[in-house]
Structures are given as C-alpha cells and as structure tokens.
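Asks: Handing you this structure, nothing more for now.
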Number of protein chains: 2
Amino acid sequence: MKDIFKEYLQKYISITDEQFEQLSSELTVKHIKKNTVLIEQDTIDDSTFFVCHGLIRAYTIDHQGKEHAIFFAPEHWWVNDKNSFYFCEPSLFYVETLEDTDLVQISRKFYDKAAILIPEFAPWQTKILHNSIRFMQKRINLLLAAQAETRYLDFIKMYPNLVHRIPQTMIASYLGITPESLSRVRKVLATKGI
Amino acid sequence: MKDIFKEYLQKYISITDEQFEQLSSELTVKHIKKNTVLIEQDTIDDSTFFVCHGLIRAYTIDHQGKEHAIFFAPEHWWVNDKNSFYFCEPSLFYVETLEDTDLVQISRKFYDKAAILIPEFAPWQTKILHNSIRFMQKRINLLLAAQAETRYLDFIKMYPNLVHRIPQTMIASYLGITPESLSRVRKVLATKGI
DNA sequence: CGTGGAGTTGAATACGATCAACACCGGTGG
DNA sequence: CCACCGGTGTTGATCGTATTCAACTCCACG
C-alpha cells in the first residue's frame, strides 16, 4: 500500500526512494471494511488518510437525525477533518468507508518532516488546498443558484465514475435534496434520455 | 495604508520593518469608491486584495441574471479568486466594493518573495487556507441541513457587525433565499424578540 | 420636494419534503 | 435451492416552505 502512496507522490513531486523511507515511519497502512466509521463527529483525531483503493464519505448528522454528505473521497484523495487535524478541535463530521478500503494513515509529523526533507512538498500541498477551496466555492455557488436537476447533472458530470458506486440516498444528501426527490429527478432525466 | 497591512502582518508573524520594505514594491495601495467592480467574472486577474477599511463582496450572476453572494470581506480579510490567482483560469465570480474601501493590492510575486524572506510566512498562509476550508465546510453543511431561519440566525451570530452594513438583498443571496423570504424570517424573529 | 432603490406585505404558485405503500434485488439461513 | 428478510429505490398523495409577482411604504439622495 505504501508503494501506491509513494508512486502517487512521485507523480507530482520529485522524491527519492531513500527520502520516502525516512518518512515511512509516519505512515500506517490500514485495511478497512465497508461501512466502518473512521472518525466520529465531535471527537479529536488529527490524522490524515490517503485512499489507495476504496471509497470514503464525510458526513454530518443534524439534530433531526438526518445525514448530510460533506464530500466523497475515492482513490488518491486526501481525507481529514480540518477542525481536528489542524486546529485540534472536535471534528465537524463523521468519516466512513463506503467500500472495503485500503488507506495510508498519515501523522501530523509527516507534513513537518516532508516539508524539511523535500522543498517541493509544501508548495504542492498549498496548491492542493487552493484547489480544494475553489472546488468548494463552486459547490457553494451551485447550492445557492441551482435547483435539484441541475445539481444532479453537475454531480454526474463531475463524478461520472462515482455515480454508480455511491447509494442514491447519499448522493441526494450531497445535493441537499431527499432520496425521493432524486429518484424523481432521475425519472424525468430518463425520459429525456439521461 | 501599507502600515495597516504591516501591522496586521506583525500581529501574526515576526517581520522587521526592513523586511517589509523589501516586499513593499509588490504592494499597491488603492482607494476604491463604493459599488466598484474590482474583478469581473470570467476574466483573469491574479492579484490578491487585503482590505484595510471598507467592505467587499464576491458574487456570481447566473443565467437568469440572479446574483449569489459567495462571501463578504470586511477589514483585514484577504480576497482573491483562486481560479485566477492560482490557476490562471477565468475567475468564477465578480468582486465588488460595498463601501468606500482602502485596500492593498498584492502581486503574485509577493508570496514568493515573502516565503523566502520570512520562514514563518508560508506556514501561516497555510493555516489561513485550512481555516478557510473548514469555514466553507461549515457553510456547505448549513446550506444542506438548515432552513432559512436557522441560516439567518447563524449569519447574524457569525457576523454581528456586518448585518447592518450589508443590504438585506445581499444577505439573502448569501443565504440562498430571496429578499422577500428574508424579510419574512426577520418579521417572525422580531415577534420573538430578535 | 420628487425620485428610485430597498424593504415590506399579500396572494397565488411551485418545488421539494413528508408520509406511506410497494417493487426490486442481494444476501442469509432453513 | 428456495423462501424470507431487510435495505434501497420507486411511486403516489398530500403538505409546507420558500418563490414569484405585484403593490405599497419608506427613506436616502439628488
């Protein structure tokens, strides 16, 4: 599993096998079964996960007991709760596997060590953060501006390969609509030929 | 104006007056009148603004001509469009002043120079990015989970000092509701004693 | 003063939510 | 191997929140 992570890193920054070895002690490989909660809401867990295989979702549960998907993370995505990871405050959401998942757990120290060892590392991480922000701004705009059908069309355009891996109920909760509404949206779209 | 920016920086990182002098050439002071557009949607402008005095909003206009507020930026906020600033793509939104505003325009180069000159600078910027992400995650969760009244209550709790500086129409567009709906929400809240 | 934008209020409408029943698998155990 | 079960998605009927459209008030500003 660590090799997958190493190859991923080498795709974006130059990092030698020796350098990776030095960082390796900050990494823990985990094999997690489907439907396992990794991080509980309102707890503190400052680790980051890198998904090698599988699928993860982050979600909240409101006072009515309803779930709301914050994001999904398939292969090669980084997952953490900023509240816990960076600010050592209780996490804002649950993190859970939707499929059997292989992941690399990355400690807080990894980032510090990597930044010192590899000059490219920190700027690259910064780029990922910027990208994440513009992505979220787009999502906020969509939630403000678009109605159910448009949001769903945007979703299947953005994640064509995830549509069939995520239960519709959860897609609905990502879009901010009920499963019933999503079902109806899909029905209308089907008559139009998807 | 540059002094305000300098004092702000010195509150968070240690930076000498000489160091600031070296960076100063990458800063441009601007005095902008109320209701002036700084960045057009779908254009490229890779500068960042630091608000000294005044108030800025970022917003999109959808195909129906409706405006949607992405964020507001009062004193001591950083404003840029990630799409333009970091990825050199057309901006996702308009940026406009809501009040007469004094700001410092910061070039892309400033970041590179500052990172070299001041070791603390880059990590501090990273922290700001992380903070921004968790803030946006909270907002997404609110848009998914809460209805009009709750969103408004959250807004006045989060920005007590902005509520009276921003026209209600724009607050409504930030909350994803119509001005009429916001007016009705406020009416209900008034009967409850705010 | 007048004028126009911002906010309020009312009535009708629409979109999505809710509640409930049912169909359709996929897995489990007899 | 089949029957049963539970979860997921679908469909229908009704309800509710927020939208739309329109008229009106109230200031701020020229």
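Residue numbers start at 1 in each chain; chains themselves are named A, B, ... in the order of the structure tokens; ligands are numbered from 1 in the order shown.
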Using only C-alpha atoms (C1' of nucleotides) and a cut-off of 9 Å, which residues of chain A sit close to chain C? Please list them as a list in words.
Replies: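 Going by the stated atoms only, the list reads Gln147, Ala148, Ile177, Thr178, Glu180 and Ser181 of chain A.
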Asks: Please identify all residues of chain A having at least one atom at most 9 Å from any atom of chain D, considering only C-alpha atoms (C1' of nucleotides), and return them as a CSV table (one decimal) with C-alpha atoms, in the first residue's frame.
Replies:
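result_2.csv, written as the output of this step:
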```csv
chain,number,residue,atom,x,y,z
A,167,PRO,CA,-26.0,4.8,-3.0
A,168,GLN,CA,-28.6,7.3,-4.2
A,169,THR,CA,-29.6,8.2,-0.7
A,179,PRO,CA,-33.8,10.5,-1.9
A,180,GLU,CA,-37.4,10.7,-3.2
A,183,SER,CA,-35.5,9.5,-7.7
A,184,ARG,CA,-38.0,11.8,-9.4
```
Asks: Chain B residues within 6 Å of chain A, counting only C-alpha atoms: which ones, as JSON, numbers by chain?
Replies: {"B": [82, 134, 144, 176]}
Asks: Give the helix (DSSP H, G or I) residues of region 3-189 of chain B, as assigned by DSSP on the backbone, as a PyMOL selection string.
Replies: chain B and resi 3-12+17-24+82-85+108-117+121-145+148-158+168-175+179-189
Asks: Can you tell me which residues surround Ala73 (chain B) at a distance of at most 12 Å, considering only C-alpha atoms (C1' of nucleotides), apart from same-chain residues fewer than 5 positions away, and format the answer as a list of chain:residue names?
Replies: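 Neighbouring residues, sequence-local ones excluded: B:Phe49, B:Phe50, B:Val51, B:Cys52, B:His53, B:Gly54, B:Leu55, B:Ile56, B:Arg57, B:Ala58, B:Tyr59, B:Trp78, B:Val79, B:Asn80, B:Val95, B:Glu96, B:Thr97, B:Leu98, B:Glu99, B:Thr101, B:Leu103, B:Tyr159, B:Leu162, B:Arg165, B:Ile166.
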